[in-house]
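Colleague: For reference, the file input_1.cif (mmCIF, C-alpha atoms and all ligand atoms) is included below:
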data_work
#
loop_
_atom_site.label_atom_id
_atom_site.label_comp_id
_atom_site.auth_asym_id
_atom_site.auth_seq_id
_atom_site.Cartn_x
_atom_site.Cartn_y
_atom_site.Cartn_z
CA MET A 213 8.02 25.25 136.76
CA CYS A 214 7.84 23.43 140.05
CA ARG A 215 5.41 24.79 142.63
CA ALA A 216 7.11 25.89 145.83
CA ALA A 217 6.34 23.82 148.90
CA LYS A 218 4.57 25.92 151.53
CA PRO A 219 6.56 26.81 154.68
CA ALA A 220 4.23 24.81 156.91
CA ILE A 221 4.79 21.66 154.91
CA LEU A 222 8.54 21.99 155.34
CA ALA A 223 8.16 22.80 159.01
CA ALA A 224 6.05 19.71 159.57
CA ALA A 225 8.59 17.56 157.78
CA SER A 226 11.50 18.94 159.77
CA PHE A 227 9.68 18.45 163.11
CA PHE A 228 9.58 14.76 162.60
CA GLY A 229 12.86 14.46 160.72
CA GLU A 230 11.33 12.93 157.63
CA ASN A 231 10.08 13.82 154.22
CA ILE A 232 6.50 13.55 155.31
CA VAL A 233 3.52 15.76 154.98
CA HIS A 234 -0.24 15.86 155.06
CA ALA A 235 -1.88 17.74 152.24
CA ALA A 236 -3.78 19.62 154.92
CA VAL A 237 -0.83 21.89 155.51
CA TYR A 238 -1.22 23.33 152.04
CA ALA A 239 -3.31 26.46 151.94
CA SER A 240 -6.64 25.66 150.37
CA SER A 241 -8.97 27.90 148.42
CA ARG A 242 -11.82 25.51 149.05
CA PHE A 243 -14.42 28.14 149.94
CA VAL A 244 -15.74 30.97 147.83
CA PHE A 245 -17.99 33.39 149.69
CA ALA A 246 -20.67 35.56 148.15
CA GLY A 247 -23.36 37.73 149.70
CA PRO A 248 -24.30 41.32 150.55
CA GLY A 249 -21.28 43.56 150.31
CA VAL A 250 -19.19 40.80 148.79
CA SER A 251 -18.25 40.92 145.14
CA VAL A 252 -19.59 38.15 142.92
CA PRO A 253 -17.12 35.49 141.79
CA THR A 254 -14.76 36.47 139.03
CA ALA A 255 -14.10 34.18 136.08
CA ARG A 256 -10.97 32.93 137.86
CA GLN A 257 -12.92 32.16 141.05
CA SER A 258 -15.54 30.45 138.97
CA LEU A 259 -12.93 28.08 137.55
CA ALA A 260 -11.66 27.45 141.10
CA THR A 261 -15.19 26.64 142.23
CA ARG A 262 -15.72 24.24 139.35
CA LEU A 263 -12.37 22.56 139.99
CA GLN A 264 -13.19 22.06 143.66
CA ALA A 265 -16.57 20.63 142.71
CA ALA A 266 -14.80 18.21 140.34
CA ALA A 267 -12.40 17.22 143.12
CA ASP A 268 -15.25 16.65 145.57
CA ALA A 269 -17.13 14.52 143.04
CA TYR A 270 -14.00 12.48 142.27
CA GLN A 271 -13.49 11.84 145.98
CA ARG A 272 -17.09 10.71 146.43
CA ALA A 273 -16.92 8.40 143.43
CA HIS A 274 -13.42 6.91 143.70
CA VAL A 275 -11.70 7.68 147.00
CA ILE A 276 -14.23 7.39 149.82
CA PRO A 277 -15.56 4.00 148.66
CA HIS A 278 -11.97 2.69 148.72
CA CYS A 279 -11.20 3.80 152.29
CA ALA A 280 -12.91 0.72 153.76
CA VAL A 281 -10.43 -1.60 152.03
CA CYS A 282 -7.37 0.68 151.96
CA VAL A 283 -4.11 -1.17 152.68
CA LYS A 284 -2.33 1.86 154.16
CA PRO A 285 -4.95 4.19 155.63
CA CYS A 286 -3.71 7.77 155.94
CA CYS A 287 -5.51 8.04 159.32
CA ARG A 288 -2.87 5.83 160.92
CA LEU A 289 -0.56 8.83 160.47
CA ASP A 290 2.45 6.61 159.86
CA THR A 291 3.38 8.53 156.71
CA HIS A 292 1.12 11.56 157.10
CA VAL A 293 1.14 14.54 159.41
CA LEU A 294 -2.21 15.81 160.62
CA GLU A 295 -2.58 19.55 161.17
CA LEU A 296 -4.86 20.53 164.06
CA ASN A 297 -5.99 23.60 165.95
CA TRP A 298 -6.20 23.65 169.74
CA GLN A 299 -9.91 22.82 169.87
CA GLN A 300 -9.37 19.75 167.72
CA VAL A 301 -6.46 18.56 169.87
CA LYS A 302 -8.49 19.12 173.03
CA VAL A 303 -11.49 17.15 171.77
CA LEU A 304 -9.71 14.32 169.98
CA TRP A 305 -7.18 13.68 172.76
CA ARG A 306 -9.85 14.24 175.45
CA LEU A 307 -7.83 16.80 177.35
CA ASN A 308 -9.13 18.49 180.48
CA GLU A 309 -6.25 20.86 181.06
CA PRO A 310 -6.09 24.46 179.71
CA ARG A 311 -4.06 25.10 176.60
CA SER A 312 -1.24 26.82 178.48
CA ALA A 313 -0.75 23.76 180.68
CA PHE A 314 -0.82 21.45 177.66
CA ASP A 315 1.75 23.59 175.85
CA ARG A 316 4.04 23.50 178.89
CA ARG A 317 3.66 19.73 179.05
CA LEU A 318 4.55 19.40 175.38
CA ALA A 319 7.52 21.75 175.70
CA SER A 320 8.88 19.80 178.65
CA GLY A 321 8.86 16.59 176.63
CA LYS A 322 6.07 14.92 178.60
CA GLY A 323 3.99 14.22 175.52
CA PRO A 324 1.86 13.21 173.89
CA ASP A 325 4.87 12.08 171.86
CA GLU A 326 2.95 12.13 168.58
CA ILE A 327 2.17 15.87 168.78
CA ARG A 328 4.39 18.85 167.96
CA ALA A 329 3.38 22.50 168.30
CA ALA A 330 4.33 25.36 165.99
CA ASP A 331 2.93 28.69 164.84
CA GLY A 332 -0.20 28.33 166.93
CA LEU A 333 -1.02 24.92 165.46
CA TYR A 334 -0.36 21.31 166.33
CA PHE A 335 0.91 18.47 164.15
CA ALA A 336 0.26 14.80 164.93
CA HIS A 337 2.28 11.95 163.46
CA ARG A 338 3.45 8.35 164.06
CA LYS A 339 0.42 7.25 166.02
CA VAL A 340 -3.06 6.37 164.81
CA CYS A 341 -5.44 9.32 164.89
CA PRO A 342 -7.64 8.97 167.99
CA ALA A 343 -10.72 9.48 165.82
CA TYR A 344 -9.88 6.52 163.58
CA ASP A 345 -11.92 3.34 163.96
CA GLU A 346 -9.52 0.57 162.91
CA ALA A 347 -12.18 -2.13 162.90
CA GLN A 348 -14.48 -0.22 160.58
CA HIS A 349 -11.73 1.57 158.64
CA ALA A 350 -13.68 4.77 159.21
CA CYS A 351 -13.47 8.19 160.83
CA ARG A 352 -15.66 8.47 163.93
CA ILE A 353 -16.12 12.22 163.39
CA HIS A 354 -16.53 12.24 159.61
CA ASP A 355 -19.78 14.22 159.79
CA GLN A 356 -18.83 16.57 162.62
CA PRO A 357 -17.54 20.17 162.38
CA ILE A 358 -14.56 19.29 164.57
CA LYS A 359 -13.09 17.14 161.79
CA PRO A 360 -9.95 18.86 160.40
CA SER A 361 -10.71 20.45 157.04
CA GLY A 362 -7.56 18.91 155.58
CA CYS A 363 -9.02 15.45 156.15
CA SER A 364 -11.98 16.30 153.94
CA ASP A 365 -9.72 17.79 151.28
CA TYR A 366 -7.38 14.82 151.19
CA PRO A 367 -6.23 13.46 148.76
CA VAL A 368 -7.56 15.74 145.98
CA TYR A 369 -8.41 19.38 146.50
CA GLY A 370 -8.51 22.73 144.78
CA ASP A 371 -5.86 25.36 145.34
CA GLY A 372 -7.06 28.41 143.40
CA ASP A 373 -7.14 27.56 139.72
CA VAL A 374 -5.34 24.20 140.04
CA LEU A 375 -5.98 20.87 141.67
CA ILE A 376 -3.51 19.14 143.96
CA ALA A 377 -3.51 15.33 144.07
CA ASP A 378 -1.57 13.33 146.67
CA LEU A 379 -0.43 10.09 145.08
CA ARG A 380 0.31 8.47 148.43
CA CYS A 381 -3.38 7.65 148.51
CA GLU A 382 -3.72 4.35 146.67
CA ALA A 383 -7.21 5.30 145.48
CA VAL A 384 -5.91 8.16 143.34
CA ASP A 385 -5.36 7.41 139.65
CA VAL A 386 -3.95 10.60 138.21
CA ASP A 387 -4.84 9.64 134.60
CA ALA A 388 -8.42 8.94 135.60
CA LEU A 389 -8.50 12.17 137.63
CA ALA A 390 -7.28 14.23 134.66
CA ALA A 391 -9.93 12.62 132.43
CA TRP A 392 -12.53 13.26 135.15
CA VAL A 393 -11.66 16.95 135.30
CA VAL A 394 -11.92 17.36 131.53
CA ARG A 395 -15.27 15.57 131.55
CA GLU A 396 -16.55 17.83 134.36
CA LEU A 397 -15.30 21.09 132.81
CA GLY A 398 -15.85 20.24 129.17
CA PRO A 399 -13.64 19.23 126.21
CA VAL A 400 -12.60 22.84 125.60
CA PHE A 401 -10.18 22.35 128.51
CA ARG A 402 -7.04 20.25 128.78
CA VAL A 403 -5.07 19.29 131.88
CA THR A 404 -1.31 19.57 132.40
CA ARG A 405 0.52 17.96 135.31
CA SER A 406 3.64 18.71 137.32
CA ALA A 407 5.10 17.12 140.43
CA ASP A 408 6.23 19.20 143.40
CA CYS A 409 10.02 19.62 143.56
CA ASP A 410 10.27 18.76 147.24
CA PHE A 411 7.36 16.34 147.52
CA PRO A 412 7.01 14.53 144.16
CA PHE A 413 3.97 12.58 145.36
CA LEU A 414 2.09 15.91 145.26
CA VAL A 415 0.98 16.47 141.68
CA THR A 416 -0.49 19.72 140.43
CA LEU A 417 -3.14 19.50 137.72
CA ALA A 418 -3.51 22.81 135.89
CA VAL A 419 -6.38 23.44 133.54
CA LYS A 420 -5.83 25.25 130.28
CA ARG A 421 -8.24 26.21 127.57
CA ARG A 422 -7.45 24.44 124.29
CA GLY A 423 -6.13 26.93 121.75
CA GLY A 424 -5.55 29.55 124.46
CA ASN A 425 -7.83 32.22 125.91
CA PRO A 426 -10.18 33.59 123.19
CA LYS A 427 -10.04 37.14 124.68
CA ALA A 428 -6.25 37.07 124.68
CA ARG A 429 -6.23 35.89 121.07
CA ALA A 430 -8.63 38.68 120.09
CA GLY A 431 -6.39 41.22 121.82
CA ARG A 432 -3.40 40.12 119.76
CA ARG A 433 -5.19 40.71 116.45
S1 LIG A 501 -5.03 6.77 151.88
FE1 LIG A 501 -6.78 7.28 150.53
S2 LIG A 501 -8.02 5.39 150.34
FE2 LIG A 501 -6.62 5.15 152.10
S3 LIG A 501 -7.84 5.79 153.89
FE3 LIG A 501 -6.69 7.61 153.16
S4 LIG A 501 -8.08 8.66 151.72
FE4 LIG A 501 -8.89 6.57 152.04
S1 LIG A 502 -9.93 13.07 161.97
FE1 LIG A 502 -10.87 11.33 160.89
S2 LIG A 502 -10.28 11.59 158.72
FE2 LIG A 502 -8.90 12.89 159.96
S3 LIG A 502 -7.08 11.61 160.35
FE3 LIG A 502 -8.50 11.36 162.09
S4 LIG A 502 -9.72 9.55 161.59
FE4 LIG A 502 -8.74 10.24 159.70
#
Go ahead and express the file in the form of structure tokens.
Ligand code: SF4
Ligand code: SF4
Modeller:
Amino acid sequence: MCRAAKPAILAAASFFGENIVHAAVYASSRFVFAGPGVSVPTARQSLATRLQAAADAYQRAHVIPHCAVCVKPCCRLDTHVLELNWQQVKVLWRLNEPRSAFDRRLASGKGPDEIRAADGLYFAHRKVCPAYDEAQHACRIHDQPIKPSGCSDYPVYGDGDVLIADLRCEAVDVDALAAWVVRELGPVFRVTRSADCDFPFLVTLAVKRRGGNPKARAGRR
């Protein structure tokens, strides 16, 4: 079954009149919190945590080293849409005006042309991200909290108990990623893949236990 595209992804695409999207607009279950008063992770959350760890390790090993020589960097935003909150817009575009004044400026068509506003967020597209260093092929804010979380997630990230891979990134090899996940989780697991109906470059990798869930099998006896 095809996974439904999230509303925000469709909204972003319709703003700019194209079939474009940044994986950031997908809801991410990247963080699992635990502490006093918070229940410990369930088995399902544990799988999500391990999947996200596998995605992070894959990015460190295969994606980030490639960014310096990437032919079509996503940070140019020519095919990607970057989701931002107000604070990120204010800092990256070096704005001095209050948000209300900026929103009025946007609504009156006085730019910046590359930004659209919707649902309390902002979406940038068709102009190089102001934080991108073209000469170095690097993000100037890569180690700062202001960096949009979607940038860190891209192009492989966990979404609950599945991984999402964006094949527009030339560094992603979905066969190698599937093998990587099995190696990280153990041979008892296998990976199935499915492309998104609306955005086929978004591939979902679901992890299944070989031979099914042992508890479920026991329950059927
Ligand atoms: S498209 Fe992939 S390899 Fe290229 S800059 Fe973006 S993350 Fe790096
Ligand atoms: S904030 Fe950094 S990683 Fe994100 S699009 Fe801009 S330059 Fe790229």
Colleague: For atom CA of Val384 of chain A and atom CA of Ala260 of chain A, quote the distance in Å rounded to one decimal.
Modeller: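 Distance between the two atoms: 20.3 Å.
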Colleague: Using only C-alpha atoms for the distances, tell me which of A:Glu326, A:Ile376, A:Val394, A:Thr291 is nearest to Ser406 of chain A.
Modeller: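 Among the listed residues, A:Ile376 lies closest to Ser406 of chain A.
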Colleague: Output as a tab-separated table one row per residue of chain A within 9 Å of ligand LIG 502 (chain A): the closest atom pair and its distance in Å to one decimal place, counting only C-alpha atoms and all ligand atoms, sorted by chain and residue number ascending.
Modeller:
residue	atom	partner	partner_atom	distance
A:Pro285	CA	A:LIG502	FE4	8.2
A:Cys286	CA	A:LIG502	FE4	6.7
A:Cys287	CA	A:LIG502	FE4	3.9
A:Arg288	CA	A:LIG502	S3	7.2
A:Leu289	CA	A:LIG502	S3	7.1
A:His292	CA	A:LIG502	S3	8.8
A:Val293	CA	A:LIG502	S3	8.8
A:Leu294	CA	A:LIG502	S3	6.4
A:Gln300	CA	A:LIG502	S1	8.8
A:Leu304	CA	A:LIG502	S1	8.1
A:Val340	CA	A:LIG502	FE3	7.9
A:Cys341	CA	A:LIG502	FE3	4.6
A:Pro342	CA	A:LIG502	FE3	6.4
A:Ala343	CA	A:LIG502	S4	4.3
A:Tyr344	CA	A:LIG502	S4	3.6
A:Asp345	CA	A:LIG502	S4	7.0
A:His349	CA	A:LIG502	S4	8.7
A:Ala350	CA	A:LIG502	S4	6.6
A:Cys351	CA	A:LIG502	S4	4.1
A:Arg352	CA	A:LIG502	FE1	6.4
A:Ile353	CA	A:LIG502	FE1	5.9
A:His354	CA	A:LIG502	FE1	5.9
A:Ile358	CA	A:LIG502	S1	8.2
A:Lys359	CA	A:LIG502	S1	5.2
A:Pro360	CA	A:LIG502	S1	6.0
A:Ser361	CA	A:LIG502	FE2	8.3
A:Gly362	CA	A:LIG502	FE2	7.6
A:Cys363	CA	A:LIG502	FE2	4.6
A:Ser364	CA	A:LIG502	S2	6.9
A:Tyr366	CA	A:LIG502	S2	8.7
Colleague: Could you please take those selected residues and save C-alpha atoms as a PDB file, in the coordinates of the input?
Modeller:
ATOM      1  CA  PRO A 285      -4.950   4.190 155.630  1.00  0.00           C
ATOM      2  CA  CYS A 286      -3.710   7.770 155.940  1.00  0.00           C
ATOM      3  CA  CYS A 287      -5.510   8.040 159.320  1.00  0.00           C
ATOM      4  CA  ARG A 288      -2.870   5.830 160.920  1.00  0.00           C
ATOM      5  CA  LEU A 289      -0.560   8.830 160.470  1.00  0.00           C
ATOM      6  CA  HIS A 292       1.120  11.560 157.100  1.00  0.00           C
ATOM      7  CA  VAL A 293       1.140  14.540 159.410  1.00  0.00           C
ATOM      8  CA  LEU A 294      -2.210  15.810 160.620  1.00  0.00           C
ATOM      9  CA  GLN A 300      -9.370  19.750 167.720  1.00  0.00           C
ATOM     10  CA  LEU A 304      -9.710  14.320 169.980  1.00  0.00           C
ATOM     11  CA  VAL A 340      -3.060   6.370 164.810  1.00  0.00           C
ATOM     12  CA  CYS A 341      -5.440   9.320 164.890  1.00  0.00           C
ATOM     13  CA  PRO A 342      -7.640   8.970 167.990  1.00  0.00           C
ATOM     14  CA  ALA A 343     -10.720   9.480 165.820  1.00  0.00           C
ATOM     15  CA  TYR A 344      -9.880   6.520 163.580  1.00  0.00           C
ATOM     16  CA  ASP A 345     -11.920   3.340 163.960  1.00  0.00           C
ATOM     17  CA  HIS A 349     -11.730   1.570 158.640  1.00  0.00           C
ATOM     18  CA  ALA A 350     -13.680   4.770 159.210  1.00  0.00           C
ATOM     19  CA  CYS A 351     -13.470   8.190 160.830  1.00  0.00           C
ATOM     20  CA  ARG A 352     -15.660   8.470 163.930  1.00  0.00           C
ATOM     21  CA  ILE A 353     -16.120  12.220 163.390  1.00  0.00           C
ATOM     22  CA  HIS A 354     -16.530  12.240 159.610  1.00  0.00           C
ATOM     23  CA  ILE A 358     -14.560  19.290 164.570  1.00  0.00           C
ATOM     24  CA  LYS A 359     -13.090  17.140 161.790  1.00  0.00           C
ATOM     25  CA  PRO A 360      -9.950  18.860 160.400  1.00  0.00           C
ATOM     26  CA  SER A 361     -10.710  20.450 157.040  1.00  0.00           C
ATOM     27  CA  GLY A 362      -7.560  18.910 155.580  1.00  0.00           C
ATOM     28  CA  CYS A 363      -9.020  15.450 156.150  1.00  0.00           C
ATOM     29  CA  SER A 364     -11.980  16.300 153.940  1.00  0.00           C
ATOM     30  CA  TYR A 366      -7.380  14.820 151.190  1.00  0.00           C
TER      31      TYR A 366
END
Colleague: Within 6 Å of Leu417 of chain A, counting only C-alpha atoms, which residues show up once you throw out same-chain ones fewer than 6 positions away? Write them as a PyMOL selection string, please.
Modeller: chain A and resi 374-375+404-405
Colleague: Neighbours of Val403 of chain A within 9 Å (all atoms listed in the file; same-chain residues fewer than 6 positions away dropped), as a ChimeraX atom specification?
Modeller: /A:390-391,393-394,417-421
Colleague: Considering all atoms listed in the file, can you say which of A:Gln356, A:Gln264, A:Thr416, A:Gln348 comes closest to ligand LIG 501 (chain A)?
Modeller: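 Closest to ligand LIG 501 (chain A) of all the choices is A:Gln348.
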Colleague: Kindly compile the residues surrounding ligand LIG 501 (chain A) within 7 Å, counting all atoms listed in the file, and format them as a PDB file with C-alpha atoms, in the coordinates of the input.
Modeller:
ATOM      1  CA  VAL A 275     -11.700   7.680 147.000  1.00  0.00           C
ATOM      2  CA  ILE A 276     -14.230   7.390 149.820  1.00  0.00           C
ATOM      3  CA  HIS A 278     -11.970   2.690 148.720  1.00  0.00           C
ATOM      4  CA  CYS A 279     -11.200   3.800 152.290  1.00  0.00           C
ATOM      5  CA  CYS A 282      -7.370   0.680 151.960  1.00  0.00           C
ATOM      6  CA  VAL A 283      -4.110  -1.170 152.680  1.00  0.00           C
ATOM      7  CA  LYS A 284      -2.330   1.860 154.160  1.00  0.00           C
ATOM      8  CA  PRO A 285      -4.950   4.190 155.630  1.00  0.00           C
ATOM      9  CA  CYS A 286      -3.710   7.770 155.940  1.00  0.00           C
ATOM     10  CA  CYS A 287      -5.510   8.040 159.320  1.00  0.00           C
ATOM     11  CA  TYR A 366      -7.380  14.820 151.190  1.00  0.00           C
ATOM     12  CA  PRO A 367      -6.230  13.460 148.760  1.00  0.00           C
ATOM     13  CA  ARG A 380       0.310   8.470 148.430  1.00  0.00           C
ATOM     14  CA  CYS A 381      -3.380   7.650 148.510  1.00  0.00           C
ATOM     15  CA  GLU A 382      -3.720   4.350 146.670  1.00  0.00           C
ATOM     16  CA  ALA A 383      -7.210   5.300 145.480  1.00  0.00           C
TER      17      ALA A 383
END
Colleague: Have a look at atom CA of Ser312 of chain A and atom CA of Phe335 of chain A and let me know their distance in Å, one decimal.
Modeller: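 So the answer is 16.7 Å.
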Colleague: For Asp268 of chain A, which residue among A:Tyr369, A:Phe401, A:Trp298, A:Phe411 is the nearest when counting only C-alpha atoms?
Modeller: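 Under the stated criterion, the closest residue is A:Tyr369.
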Colleague: How many Å lie between atom CA of Gly398 of chain A and atom CA of Val368 of chain A, rounded to one decimal?
Modeller: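 Going from atom CA of Gly398 of chain A over to atom CA of Val368 of chain A covers 19.3 Å.
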Colleague: Ala329 of chain A: which residues within 10 Å, counting all atoms listed in the file, same-chain residues fewer than 5 positions away excluded, as a PDB file with C-alpha atoms, in the coordinates of the input?
Modeller:
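selection_28.pdb was written with the following content:
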ATOM      1  CA  ALA A 224       6.050  19.710 159.570  1.00  0.00           C
ATOM      2  CA  PHE A 227       9.680  18.450 163.110  1.00  0.00           C
ATOM      3  CA  GLU A 295      -2.580  19.550 161.170  1.00  0.00           C
ATOM      4  CA  LEU A 296      -4.860  20.530 164.060  1.00  0.00           C
ATOM      5  CA  ASN A 297      -5.990  23.600 165.950  1.00  0.00           C
ATOM      6  CA  TRP A 298      -6.200  23.650 169.740  1.00  0.00           C
ATOM      7  CA  ASP A 315       1.750  23.590 175.850  1.00  0.00           C
ATOM      8  CA  LEU A 318       4.550  19.400 175.380  1.00  0.00           C
ATOM      9  CA  ALA A 319       7.520  21.750 175.700  1.00  0.00           C
ATOM     10  CA  TYR A 334      -0.360  21.310 166.330  1.00  0.00           C
ATOM     11  CA  PHE A 335       0.910  18.470 164.150  1.00  0.00           C
ATOM     12  CA  ALA A 336       0.260  14.800 164.930  1.00  0.00           C
TER      13      ALA A 336
END
